[in-house]
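Written out below as structure tokens is the structure these notes cover.
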Amino acid sequence: MYYDVNNALSYNCLFTFVISARGYGKSFSAKRRVLKNFLSKGEQFVILRRYKTEHKHADRYFDDVIYKCPEFEGIELKYKQNKYYINGKVAGFAMTLSTQIVEKSVPYPDVTLIIFEEFLIQNTGTGYHYIRDEVEIFLETYSTIARDRDVRVLFLANAITMYNPYFRYFGLYLKEGASKCRNGDVILLKVGGEEFTQHMN
């Protein structure tokens with residue numbers, strides 16, 4: 001009933017945008033993927049947000065996955081100073097676009113997947129807005145992490161709007177009734193399922 005991001009990653013694109021209704025399991029599946037990657041292969045991850053305040057509950061980011069997935073029973077996951085530790089080893093990093101300038105000198109040779117949470121902003125009057133030249137800042141951040149490697153990025157968000165700087169920059173546009181749009185090594189997927197819709201109703 002819930003979405004599996006492995007389906008999205010099977011397109012083998014460098015940047016994969018996944019949008020859906022709230023609660024469809026995008027983030028849950030992505031978190032499960034990076035934990036399994038670290039435990040089985042030692043691959044690290046980055047959880048990327050726009051502003052530092054969005055990492056306010058970073059210490060609880062993986063709580064739902066740890067609680068619900070039996071394969072993670074018994075592991076020790078801790079968060080300290082923008083790093084996630086699993087069984088005492090650095091497994092991942094919490095990063096923000098708004099502070100990426102001061103992070104340029106830090107190497108991330110073992111990171112293989114970046115999760116950009118809530119990359120879309122809904123205009124709700126909360127004060128959150130896209131950063132000026134945000135896509136360029138994202139690409140600089142990506143370059144800092146990836147260097148000359150192909151590090152994949154999962155952009156996750158609820159399907160609230162199709163008008164945003166990322167889709168404009170990468171030339172992504174969903175035609176009427178379409179659920180997929182690809183432009184080179186960048187893909188946009190609008191996902192959903194009838195079983196999930198009926199369940200939520």
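By convention here, the chains of the structure tokens are called A, B, ... in the order presented, each chain's residues are numbered starting at 1, and ligands are numbered starting at 1 in the order presented.
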Can you tell me which residues surround Val186 in chain A at a distance of at most 7 Å, considering only C-alpha atoms, apart from same-chain residues fewer than 3 positions away, and format the answer as a compact mmCIF listing (two decimals) with N, CA, C and O atoms, in the first residue's frame?
# COMPACT_ATOMS: atom_id res chain seq x y z
N CYS A 13 18.77 7.37 -12.28
CA CYS A 13 19.05 8.77 -12.55
C CYS A 13 19.88 9.35 -11.41
O CYS A 13 19.82 8.87 -10.27
N LEU A 14 20.61 10.40 -11.71
CA LEU A 14 21.42 11.05 -10.69
C LEU A 14 20.53 11.80 -9.71
O LEU A 14 20.69 11.70 -8.50
N PHE A 15 19.57 12.57 -10.25
CA PHE A 15 18.62 13.32 -9.43
C PHE A 15 17.22 12.77 -9.67
O PHE A 15 16.73 12.77 -10.80
N THR A 16 16.57 12.30 -8.59
CA THR A 16 15.23 11.72 -8.69
C THR A 16 14.27 12.49 -7.81
O THR A 16 14.43 12.51 -6.58
N ARG A 182 11.18 12.82 -17.70
CA ARG A 182 12.63 12.64 -17.60
C ARG A 182 13.35 13.60 -18.54
O ARG A 182 12.93 13.79 -19.68
N ASN A 183 14.43 14.19 -18.04
CA ASN A 183 15.26 15.07 -18.84
C ASN A 183 16.71 14.68 -18.58
O ASN A 183 17.32 15.11 -17.60
Per-residue nearest contacts range 89-149 of chain A to range 65-83 of chain A, cut-off 7 Å, using only C-alpha atoms, as CSV:
residue,atom,partner,partner_atom,distance
A:Val90,CA,A:Lys83,CA,6.7
A:Gly92,CA,A:Lys83,CA,5.8
A:Phe93,CA,A:Lys83,CA,4.5
A:Ala94,CA,A:Asn82,CA,4.9
Take the residues just selected and output them with N, CA, C and O atoms as a compact mmCIF listing (two decimals), in the first residue's frame.
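What follows is the written file out.txt:
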# COMPACT_ATOMS: atom_id res chain seq x y z
N VAL A 90 30.06 6.65 12.40
CA VAL A 90 29.37 7.70 11.67
C VAL A 90 28.68 7.09 10.45
O VAL A 90 29.32 6.50 9.58
N GLY A 92 25.82 8.97 8.87
CA GLY A 92 25.25 9.99 8.01
C GLY A 92 25.42 11.39 8.59
O GLY A 92 25.90 11.57 9.72
N PHE A 93 24.98 12.36 7.79
CA PHE A 93 25.16 13.76 8.15
C PHE A 93 23.86 14.53 7.91
O PHE A 93 23.13 14.26 6.96
N ALA A 94 23.59 15.50 8.78
CA ALA A 94 22.48 16.43 8.58
C ALA A 94 23.07 17.74 8.06
O ALA A 94 23.91 18.35 8.72
Backbone-only DSSP, strand (DSSP E or B) members of chain A, as a PyMOL selection string: chain A and resi 15-20+44-49+77-80+83-86+89-96+111-117+152-158+180-183+186-190
Report as JSON lines the residues of range 75-177 of chain A within 7 Å of range 30-43 of chain A, each with its shortest atom pair and distance in Å (one decimal), using only C-alpha atoms, ordered by chain and increasing residue number.
{"residue": "A:Ala91", "atom": "CA", "partner": "A:Phe38", "partner_atom": "CA", "distance": 6.4}
{"residue": "A:Asp110", "atom": "CA", "partner": "A:Glu43", "partner_atom": "CA", "distance": 5.7}
{"residue": "A:Val111", "atom": "CA", "partner": "A:Glu43", "partner_atom": "CA", "distance": 6.0}
{"residue": "A:Thr112", "atom": "CA", "partner": "A:Glu43", "partner_atom": "CA", "distance": 6.1}
Given the selection you just returned, output its residues as a file containing N, CA, C and O atoms, formatted as a short mmCIF file (atom, residue, chain, number, x, y, z; two decimals), in the first residue's frame.
data_model
loop_
_atom_site.label_atom_id
_atom_site.label_comp_id
_atom_site.auth_asym_id
_atom_site.auth_seq_id
_atom_site.Cartn_x
_atom_site.Cartn_y
_atom_site.Cartn_z
N ALA A 91 27.34 7.26 10.41
CA ALA A 91 26.56 6.69 9.31
C ALA A 91 26.05 7.75 8.36
O ALA A 91 25.85 7.49 7.17
N ASP A 110 32.41 8.73 1.62
CA ASP A 110 31.63 7.50 1.74
C ASP A 110 30.13 7.71 1.58
O ASP A 110 29.34 6.77 1.72
N VAL A 111 29.72 8.95 1.28
CA VAL A 111 28.29 9.23 1.06
C VAL A 111 27.89 8.77 -0.34
O VAL A 111 28.54 9.12 -1.33
N THR A 112 26.81 8.00 -0.42
CA THR A 112 26.34 7.50 -1.72
C THR A 112 24.92 7.94 -2.04
O THR A 112 24.48 7.81 -3.17
#
Residue with smallest distance to Thr53 in chain A - pool A:Thr99, A:Gln122, A:Asn164, A:Thr141, counting only C-alpha atoms: A:Thr99
Lys190 in chain A environment, 8 Å, only C-alpha atoms, sequence neighbours closer than 5 positions dropped, as a VMD selection string: chain A and resid 18 to 20 159 179 to 180
Shell around Met162 in chain A at 9 Å using only C-alpha atoms, local window under 2 positions removed, as a ChimeraX atom specification: /A:120,159-160,164,167,173-174
Residue neighbourhood Lys52 in chain A, 9 Å, only C-alpha atoms, exclusion window fewer than 5 positions, as an MDAnalysis selection string: chainID A and resid 95:99
Residues of the last selection are to be written out with all heavy atoms, as a PDB file, in the first residue's frame.
ATOM      1  N   MET A  95      22.627  18.156   6.878  1.00  0.00           N
ATOM      2  CA  MET A  95      23.172  19.363   6.266  1.00  0.00           C
ATOM      3  C   MET A  95      22.055  20.314   5.882  1.00  0.00           C
ATOM      4  O   MET A  95      20.913  19.889   5.671  1.00  0.00           O
ATOM      5  CB  MET A  95      23.997  19.006   5.023  1.00  0.00           C
ATOM      6  CG  MET A  95      25.252  18.218   5.313  1.00  0.00           C
ATOM      7  SD  MET A  95      26.176  17.794   3.805  1.00  0.00           S
ATOM      8  CE  MET A  95      26.567  19.429   3.181  1.00  0.00           C
ATOM      9  N   THR A  96      22.389  21.601   5.782  1.00  0.00           N
ATOM     10  CA  THR A  96      21.411  22.605   5.372  1.00  0.00           C
ATOM     11  C   THR A  96      21.974  23.444   4.233  1.00  0.00           C
ATOM     12  O   THR A  96      23.161  23.785   4.219  1.00  0.00           O
ATOM     13  CB  THR A  96      21.041  23.540   6.533  1.00  0.00           C
ATOM     14  OG1 THR A  96      22.228  24.181   7.009  1.00  0.00           O
ATOM     15  CG2 THR A  96      20.402  22.767   7.669  1.00  0.00           C
ATOM     16  N   LEU A  97      21.101  23.782   3.284  1.00  0.00           N
ATOM     17  CA  LEU A  97      21.530  24.615   2.165  1.00  0.00           C
ATOM     18  C   LEU A  97      21.958  25.997   2.619  1.00  0.00           C
ATOM     19  O   LEU A  97      22.901  26.577   2.090  1.00  0.00           O
ATOM     20  CB  LEU A  97      20.384  24.753   1.149  1.00  0.00           C
ATOM     21  CG  LEU A  97      20.055  23.539   0.294  1.00  0.00           C
ATOM     22  CD1 LEU A  97      18.957  23.893  -0.700  1.00  0.00           C
ATOM     23  CD2 LEU A  97      21.295  23.045  -0.452  1.00  0.00           C
ATOM     24  N   SER A  98      21.257  26.547   3.601  1.00  0.00           N
ATOM     25  CA  SER A  98      21.519  27.923   4.020  1.00  0.00           C
ATOM     26  C   SER A  98      22.878  28.108   4.674  1.00  0.00           C
ATOM     27  O   SER A  98      23.358  29.231   4.819  1.00  0.00           O
ATOM     28  CB  SER A  98      20.422  28.401   4.977  1.00  0.00           C
ATOM     29  OG  SER A  98      20.369  27.587   6.129  1.00  0.00           O
ATOM     30  N   THR A  99      23.533  27.004   5.073  1.00  0.00           N
ATOM     31  CA  THR A  99      24.850  27.104   5.714  1.00  0.00           C
ATOM     32  C   THR A  99      25.925  26.374   4.926  1.00  0.00           C
ATOM     33  O   THR A  99      27.013  26.128   5.449  1.00  0.00           O
ATOM     34  CB  THR A  99      24.807  26.529   7.142  1.00  0.00           C
ATOM     35  OG1 THR A  99      24.440  25.141   7.080  1.00  0.00           O
ATOM     36  CG2 THR A  99      23.818  27.279   8.003  1.00  0.00           C
TER      37      THR A  99
END
Residue nearest Glu54 in chain A among A:Phe116, A:Phe155, A:Tyr2, A:Tyr142 (counting only C-alpha atoms): A:Phe116
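With CA of Tyr51 in chain A on one side and CA of Tyr163 in chain A on the other, the separation reads 20.2 Å.
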Write out as a compact mmCIF listing (two decimals) with C-alpha atoms, in the first residue's frame each polymer residue whose atoms come within 10 Å of Pro165 in chain A, counting only C-alpha atoms; drop sequence neighbours fewer than 5 positions from it.
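So part00.txt came out as:
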# COMPACT_ATOMS: atom_id res chain seq x y z
CA LEU A 120 8.91 22.00 -2.21
CA TYR A 130 13.19 29.40 -1.36
CA ILE A 131 16.72 30.70 -0.91
CA ARG A 132 17.90 33.17 -3.50
CA ASP A 133 19.68 31.23 -6.28
CA GLU A 134 18.71 28.07 -4.43
CA VAL A 135 19.29 25.58 -7.22
CA PHE A 170 15.92 21.10 -14.87
CA GLY A 171 13.13 21.50 -17.43
Separation of CA of Glu140 in chain A from CA of Lys89 in chain A in Å: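 These two atoms are separated by 26.9 Å.
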